[in-house]
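entry-v4.cif (mmCIF, C-alpha atoms and all ligand atoms) appears below.
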data_data
#
loop_
_atom_site.label_atom_id
_atom_site.label_comp_id
_atom_site.auth_asym_id
_atom_site.auth_seq_id
_atom_site.Cartn_x
_atom_site.Cartn_y
_atom_site.Cartn_z
CA MET A 89 0.00 0.00 0.00
CA ALA A 90 1.18 3.48 -0.87
CA ARG A 91 0.91 6.06 1.93
CA ILE A 92 -1.97 7.64 0.10
CA ALA A 93 -4.44 5.99 -2.24
CA TYR A 94 -3.77 7.84 -5.49
CA ASP A 95 -7.46 7.50 -6.14
CA ASP A 96 -9.42 9.85 -8.32
CA ALA A 97 -9.31 12.81 -5.89
CA ASP A 98 -5.55 12.48 -5.24
CA ALA A 99 -4.83 12.05 -8.93
CA ALA A 100 -6.93 15.11 -9.85
CA ALA A 101 -5.16 17.24 -7.22
CA PHE A 102 -1.75 16.00 -8.35
CA GLU A 103 -2.58 16.75 -11.96
CA ALA A 104 -3.74 20.26 -11.07
CA ALA A 105 -1.05 21.27 -8.64
CA ARG A 106 2.22 19.41 -9.02
CA HIS A 107 3.50 20.43 -12.42
CA LEU A 108 6.54 22.55 -12.94
CA THR A 109 7.63 24.54 -15.98
CA ASP A 110 10.52 23.50 -18.19
CA ASP A 111 12.43 26.61 -17.03
CA GLY A 112 11.78 25.69 -13.41
CA LEU A 113 13.27 22.25 -14.05
CA ALA A 114 16.43 23.43 -15.85
CA ALA A 115 18.75 22.14 -13.12
CA TRP A 116 16.98 18.77 -13.11
CA ARG A 117 17.39 18.48 -16.86
CA THR A 118 21.13 19.09 -16.52
CA ALA A 119 21.52 16.66 -13.60
CA VAL A 120 19.54 13.90 -15.30
CA ALA A 121 21.57 14.32 -18.49
CA ARG A 122 24.81 14.08 -16.50
CA HIS A 123 23.89 10.82 -14.79
CA LEU A 124 21.79 9.15 -17.48
CA SER A 125 24.03 10.00 -20.48
CA PRO A 126 20.99 9.88 -22.77
CA ARG A 127 21.52 8.56 -26.27
CA PRO A 128 19.16 7.58 -29.09
CA GLY A 129 17.77 4.08 -28.67
CA MET A 130 18.32 4.07 -24.92
CA ARG A 131 15.45 2.51 -22.88
CA VAL A 132 14.61 4.32 -19.64
CA LEU A 133 12.08 3.10 -17.07
CA ASP A 134 9.97 5.79 -15.38
CA LEU A 135 8.74 3.92 -12.31
CA GLY A 136 5.70 5.41 -10.57
CA ALA A 137 5.29 7.67 -13.59
CA GLY A 138 2.17 9.34 -12.16
CA THR A 139 0.60 11.66 -14.69
CA GLY A 140 3.49 11.19 -17.10
CA ARG A 141 5.04 14.65 -16.95
CA TRP A 142 8.58 13.39 -16.44
CA ALA A 143 8.19 10.73 -19.13
CA ARG A 144 7.04 13.41 -21.54
CA ALA A 145 9.82 15.79 -20.46
CA PHE A 146 12.49 13.10 -20.92
CA THR A 147 11.36 12.32 -24.48
CA THR A 148 11.37 16.06 -25.27
CA TRP A 149 14.69 16.79 -23.60
CA PHE A 150 16.52 13.72 -24.86
CA PRO A 151 15.43 12.95 -28.43
CA GLY A 152 15.55 9.31 -29.44
CA ILE A 153 15.29 7.76 -25.99
CA GLU A 154 12.46 5.34 -25.30
CA VAL A 155 10.65 5.86 -21.99
CA LEU A 156 8.85 2.88 -20.44
CA ALA A 157 6.33 4.35 -18.02
CA VAL A 158 5.02 2.07 -15.26
CA GLU A 159 2.39 3.22 -12.76
CA PRO A 160 0.20 1.25 -10.31
CA SER A 161 -2.67 3.73 -9.94
CA GLU A 162 -5.35 3.55 -12.58
CA ALA A 163 -6.48 7.10 -11.74
CA MET A 164 -2.96 8.42 -12.41
CA ARG A 165 -2.59 6.34 -15.60
CA THR A 166 -5.90 7.69 -16.87
CA ARG A 167 -4.64 11.26 -16.49
CA SER A 168 -1.25 10.65 -18.05
CA VAL A 169 0.00 13.15 -20.61
CA PHE A 170 2.38 10.43 -21.82
CA ALA A 171 1.41 7.17 -23.52
CA PRO A 172 1.62 4.33 -23.08
CA VAL A 173 1.74 3.93 -19.32
CA VAL A 174 1.49 0.33 -18.18
CA ALA A 175 0.28 -1.11 -14.88
CA GLY A 176 2.95 -2.34 -12.50
CA ASP A 177 4.74 -1.36 -9.32
CA ALA A 178 8.23 -1.38 -7.89
CA ALA A 179 8.03 -5.05 -6.91
CA HIS A 180 6.29 -6.18 -10.11
CA LEU A 181 7.77 -4.68 -13.25
CA PRO A 182 6.31 -5.86 -16.56
CA LEU A 183 9.79 -5.92 -18.09
CA ASP A 184 12.34 -8.54 -19.12
CA ASP A 185 15.60 -9.16 -17.29
CA ASP A 186 18.45 -6.81 -18.29
CA SER A 187 16.15 -4.81 -20.53
CA VAL A 188 16.58 -1.15 -19.50
CA ASP A 189 19.53 1.25 -19.65
CA GLY A 190 18.39 3.51 -16.83
CA ALA A 191 15.56 4.07 -14.37
CA TRP A 192 13.92 7.14 -12.88
CA MET A 193 11.82 7.33 -9.72
CA SER A 194 10.48 10.77 -8.87
CA THR A 195 8.90 11.20 -5.43
CA VAL A 196 7.97 7.52 -5.36
CA ILE A 197 10.43 5.81 -3.02
CA HIS A 198 8.45 6.71 0.14
CA HIS A 199 5.38 4.94 -1.26
CA VAL A 200 7.21 1.67 -1.88
CA PRO A 201 6.17 -0.74 0.90
CA ASP A 202 9.05 -3.19 0.50
CA LEU A 203 12.36 -1.57 -0.42
CA ALA A 204 14.17 -4.91 -0.60
CA ALA A 205 11.66 -6.31 -3.13
CA ALA A 206 11.91 -3.12 -5.20
CA ALA A 207 15.69 -3.23 -5.15
CA HIS A 208 15.74 -6.84 -6.38
CA GLU A 209 13.21 -6.11 -9.08
CA LEU A 210 15.12 -3.05 -10.30
CA ARG A 211 18.38 -5.03 -10.26
CA ARG A 212 16.66 -7.66 -12.40
CA VAL A 213 15.50 -5.26 -15.15
CA LEU A 214 18.45 -2.84 -15.21
CA ARG A 215 21.44 -3.78 -17.31
CA PRO A 216 24.68 -4.10 -15.30
CA GLY A 217 26.08 -0.65 -14.52
CA ALA A 218 22.90 1.17 -15.64
CA PRO A 219 21.91 4.07 -13.35
CA LEU A 220 18.87 4.33 -11.11
CA LEU A 221 18.03 7.97 -10.41
CA ILE A 222 15.91 8.55 -7.30
CA ARG A 223 14.46 12.06 -6.93
CA SER A 224 12.95 12.51 -3.49
CA ALA A 225 12.62 14.15 -0.15
CA PHE A 226 14.16 11.85 2.44
CA ALA A 227 13.70 11.58 6.20
CA GLY A 228 15.74 14.16 8.08
CA ARG A 229 16.19 16.42 5.06
CA HIS A 230 13.37 18.99 5.11
CA GLU A 231 15.51 22.14 4.99
CA GLY A 232 15.40 22.65 1.22
CA ILE A 233 11.64 22.27 0.90
CA THR A 234 9.74 25.49 1.45
CA LEU A 235 6.37 23.91 2.33
CA PHE A 236 7.87 22.73 5.61
CA ARG A 237 8.49 26.36 6.55
CA TRP A 238 4.76 27.01 6.55
CA PHE A 239 3.71 23.53 7.66
CA PRO A 240 6.41 22.51 10.18
CA GLU A 241 4.09 19.82 11.59
CA ALA A 242 4.48 17.98 8.27
CA ILE A 243 8.16 17.39 9.07
CA ARG A 244 7.06 14.56 11.35
CA VAL A 245 5.48 12.89 8.29
CA LEU A 246 8.61 13.39 6.22
CA ASP A 247 10.61 11.81 9.02
CA THR A 248 8.67 8.57 8.51
CA TYR A 249 9.91 8.41 4.89
CA PRO A 250 12.94 6.22 4.22
CA SER A 251 16.25 7.91 4.95
CA ILE A 252 19.03 7.95 2.40
CA ALA A 253 20.92 5.39 4.50
CA GLU A 254 17.90 3.05 4.53
CA VAL A 255 17.52 3.24 0.76
CA GLU A 256 21.25 2.74 0.21
CA ASP A 257 21.24 -0.24 2.56
CA ALA A 258 18.26 -1.98 0.88
CA PHE A 259 19.67 -1.40 -2.59
CA SER A 260 23.23 -2.38 -1.67
CA ARG A 261 21.90 -5.80 -0.59
CA ALA A 262 20.62 -6.20 -4.15
CA GLY A 263 23.99 -5.25 -5.62
CA PHE A 264 23.69 -1.48 -6.16
CA GLU A 265 26.36 1.04 -5.17
CA THR A 266 25.86 4.74 -4.53
CA ALA A 267 27.23 6.76 -7.43
CA ALA A 268 26.12 10.25 -6.37
CA LEU A 269 23.98 12.25 -3.99
CA GLU A 270 23.18 15.79 -5.08
CA GLN A 271 20.78 18.52 -4.05
CA ILE A 272 18.98 19.91 -7.09
CA PRO A 273 17.02 23.19 -7.05
CA GLN A 274 13.78 23.78 -8.91
CA THR A 275 11.59 26.84 -9.27
CA THR A 276 8.27 25.65 -7.94
CA ALA A 277 6.33 28.92 -8.40
CA ALA A 278 7.02 32.45 -9.58
CA SER A 279 5.96 33.84 -6.19
CA LEU A 280 4.68 32.70 -2.82
CA ARG A 281 1.26 34.07 -3.77
CA GLU A 282 1.21 31.85 -6.85
CA ALA A 283 2.31 28.85 -4.74
CA ALA A 284 -0.39 29.53 -2.14
CA THR A 285 -3.09 29.92 -4.78
CA ALA A 286 -2.08 26.68 -6.52
CA LEU A 287 -1.66 24.65 -3.34
CA ARG A 288 -3.84 21.53 -3.15
CA ARG A 289 -3.58 19.52 0.06
CA ASP A 290 -4.35 16.25 -1.70
CA ALA A 291 -1.32 16.70 -3.94
CA HIS A 292 1.21 16.54 -1.09
CA THR A 293 1.49 13.41 1.04
CA PRO A 294 2.96 15.21 4.10
CA LEU A 295 0.06 17.70 4.07
CA LYS A 296 -2.53 14.94 3.76
CA LEU A 297 -1.14 13.20 6.81
CA ILE A 298 -1.18 16.11 9.29
CA THR A 299 -4.37 17.07 11.16
CA ASP A 300 -6.96 19.43 9.70
CA ASP A 301 -6.11 22.02 12.38
CA GLU A 302 -2.41 21.80 11.58
CA TYR A 303 -3.16 22.21 7.89
CA ALA A 304 -5.42 25.22 8.53
CA ALA A 305 -2.74 26.87 10.70
CA GLY A 306 -0.09 26.29 8.03
CA LEU A 307 -2.32 27.72 5.35
CA ARG A 308 -2.82 30.87 7.48
CA ARG A 309 0.95 31.21 7.93
CA MET A 310 1.51 30.78 4.21
CA HIS A 311 -1.09 33.40 3.28
CA GLU A 312 0.35 35.83 5.85
CA GLY A 313 3.74 35.19 4.25
CA THR A 314 2.43 36.29 0.85
CA ARG A 315 2.07 39.83 2.25
CA VAL A 316 5.82 40.18 2.75
CA GLU A 317 7.47 37.78 0.32
CA ASN A 318 7.50 38.19 -3.41
CA ARG A 319 10.44 36.11 -4.64
CA PRO A 320 10.19 32.92 -6.67
CA VAL A 321 9.67 29.78 -4.60
CA VAL A 322 12.73 27.58 -5.00
CA ASP A 323 12.74 24.06 -3.56
CA VAL A 324 15.69 21.73 -3.30
CA LEU A 325 15.17 17.97 -3.54
CA ASP A 326 17.71 15.17 -3.40
CA LEU A 327 18.92 13.14 -6.33
CA LEU A 328 20.34 9.79 -5.25
CA VAL A 329 22.04 7.88 -8.05
CA LEU A 330 22.69 4.15 -7.63
CA ARG A 331 24.39 1.78 -10.08
C1 LIG B 401 4.03 11.76 -5.75
S1 LIG B 401 3.50 10.75 -7.09
C2 LIG B 401 4.84 11.01 -8.25
C3 LIG B 401 4.46 10.81 -9.68
C4 LIG B 401 5.57 11.09 -10.68
N1 LIG B 401 6.69 10.21 -10.48
C5 LIG B 401 6.02 12.53 -10.58
O1 LIG B 401 7.05 12.83 -10.00
O2 LIG B 401 5.29 13.38 -11.11
C6 LIG B 401 3.85 9.12 -6.50
C7 LIG B 401 3.49 8.03 -7.48
O3 LIG B 401 4.02 6.79 -7.02
C8 LIG B 401 3.07 5.78 -7.34
N2 LIG B 401 3.32 4.60 -6.50
C9 LIG B 401 2.76 4.31 -5.31
N3 LIG B 401 3.21 3.13 -4.85
C10 LIG B 401 4.08 2.66 -5.77
C11 LIG B 401 4.87 1.46 -5.89
N4 LIG B 401 4.86 0.53 -4.92
N5 LIG B 401 5.62 1.29 -6.99
C12 LIG B 401 5.65 2.24 -7.94
N6 LIG B 401 4.93 3.39 -7.89
C13 LIG B 401 4.15 3.60 -6.82
C14 LIG B 401 1.74 6.46 -7.09
O4 LIG B 401 0.67 5.76 -7.69
C15 LIG B 401 1.99 7.85 -7.66
O5 LIG B 401 1.66 7.94 -9.01
#
Any chance you could put this one into C-alpha cells?
Amino acid sequence: MARIAYDDADAAAFEAARHLTDDGLAAWRTAVARHLSPRPGMRVLDLGAGTGRWARAFTTWFPGIEVLAVEPSEAMRTRSVFAPVVAGDAAHLPLDDDSVDGAWMSTVIHHVPDLAAAAHELRRVLRPGAPLLIRSAFAGRHEGITLFRWFPEAIRVLDTYPSIAEVEDAFSRAGFETAALEQIPQTTAASLREAATALRRDAHTPLKLITDDEYAAGLRRMHEGTRVENRPVVDVLDLLVLR
C-alpha cells in the first residue's frame, strides 16, 4: 500500500497542482543528463510515472530515448500526458531481465512498501552498470523544501519516509552502489502568492497526513507570508544515483 491511495481525488489534485515549468526544471534536466548520459535508442524506465510529466519531459529533452512508463494507480494512468503507461509497481515490473539502460523514480520511493523487493526487481531489469536515479525528499532532510516552513508539523510525516541510508542499505543488498547524492534546485512557483493559490492539500502526502487544524494553521501562515514575500519559490530535492 502506498501512503496515500492515489485514487481519483488524489490524482486530480496532483494533476492540477504538481506540475513545474521546463524553465523551473532546468537544473533537473542538466543533472539527469549528467547521470543518465541519454543517447538515441536508450530505454529508460519511469517507475511510478504518475501523470506522465517526467516521461514526456524526458522524451522532449533527450530525443531518441524510449521511456517505459510504469504506474500502479489507474487514476494516475488515466490522467497521463504520456502514452503508453502500463500497470505495475516497484516489486512487479512488466519488463524482461536486463532490458533497461536507466531508471527514474520521482517522489515515489516513500510509497514503496518493500524496499528490498523493489531493489531486487530493479536489479533484475536494469542492465549491469545502468543508473537508477531517485528524486525525493528523504527523512531528516526537510531544509530545502519550502512547504515545511509554513507547515512545520508535516516534518514529522517526512521523518517517517525512508532515509538515504535506509535506501542505500536496501539497494546495496541487491547489488547497487551509490554513485552520487546531489541537491537539485527547482523553481516551484514564480511567487509565494502563486504557490499559495495553486496549493492543493491532496497533492502533497505530508500535508494529507497532518491534522486538519495543523493544515489550517499552516495555510494561514503561508497566506500571511504572501504579504511580505514576493520572490520565486525555489525548492531543493535530493537526487540519489545508484548503479
Ligand atoms: C508523488 S507521485 C509522483 C508521480 C511522478 N513520479 C512525478 O514525480 O510526477 C507518486 C506516485 O508513485 C506511485 N506509487 C505508489 N506506490 C508505488 C509502488 N509501490 N511502486 C511504484 N509506484 C508507486 C503512485 O501511484 C503515484 O503515481
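Our summary of the geometry notes that atom CA of A:Leu307 is positioned 21.9 Å from atom CA of A:Leu325.
Take atom CA of A:Leu269 and atom CA of A:Pro240: the distance between them is 24.8 Å.
Residue nearest A:Ile153, chosen from A:Pro273, A:Gly129, A:Gly176, A:Arg165 and counting all atoms listed in the file: A:Gly129.
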> Leaving out A:Ala268 and any residue of its chain fewer than 3 positions from it, which residues lie within 8 Å of it when counting all atoms listed in the file, given as a list in words?
Replying inline: Leu327, Leu328, Val329 and Leu330 of chain A
With C-alpha atoms retained, could you export that selection as a short mmCIF file (atom, residue, chain, number, x, y, z; two decimals), in the frame of the given file?
data_model
loop_
_atom_site.label_atom_id
_atom_site.label_comp_id
_atom_site.auth_asym_id
_atom_site.auth_seq_id
_atom_site.Cartn_x
_atom_site.Cartn_y
_atom_site.Cartn_z
CA LEU A 327 18.92 13.14 -6.33
CA LEU A 328 20.34 9.79 -5.25
CA VAL A 329 22.04 7.88 -8.05
CA LEU A 330 22.69 4.15 -7.63
#
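If you count only C-alpha atoms and ignore residues fewer than 4 places along the chain from A:Ile272, what sits within 12 Å of it is A:Gly112, A:Leu113, A:Ala114, A:Ala115, A:Trp116, A:Arg117, A:Thr118, A:Ala119, A:Val120, A:Ile222, A:Arg223, A:Ser224, A:Ala225, A:Gly232, A:Ile233, A:Val322, A:Asp323, A:Val324, A:Leu325, A:Asp326, A:Leu327, A:Leu328.
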> To one decimal place, how far is atom CA of A:Leu124 from atom CA of A:Gln271 in Å?
Replying inline: 16.4 Å
>> What's around A:Pro128 at 9 Å? Count all atoms listed in the file, leave out sequence neighbours fewer than 3 positions away in its own chain, and write the answer as a count of residues only.
In response: 6
> Which is closer to ligand LIG 401 (chain B) than all the others in A:Ala278, A:Val158, A:Val188, A:Leu214, using only C-alpha atoms and all ligand atoms?
Replying inline: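 Residue with the minimum atom-to-atom distance to ligand LIG 401 (chain B): A:Val158.
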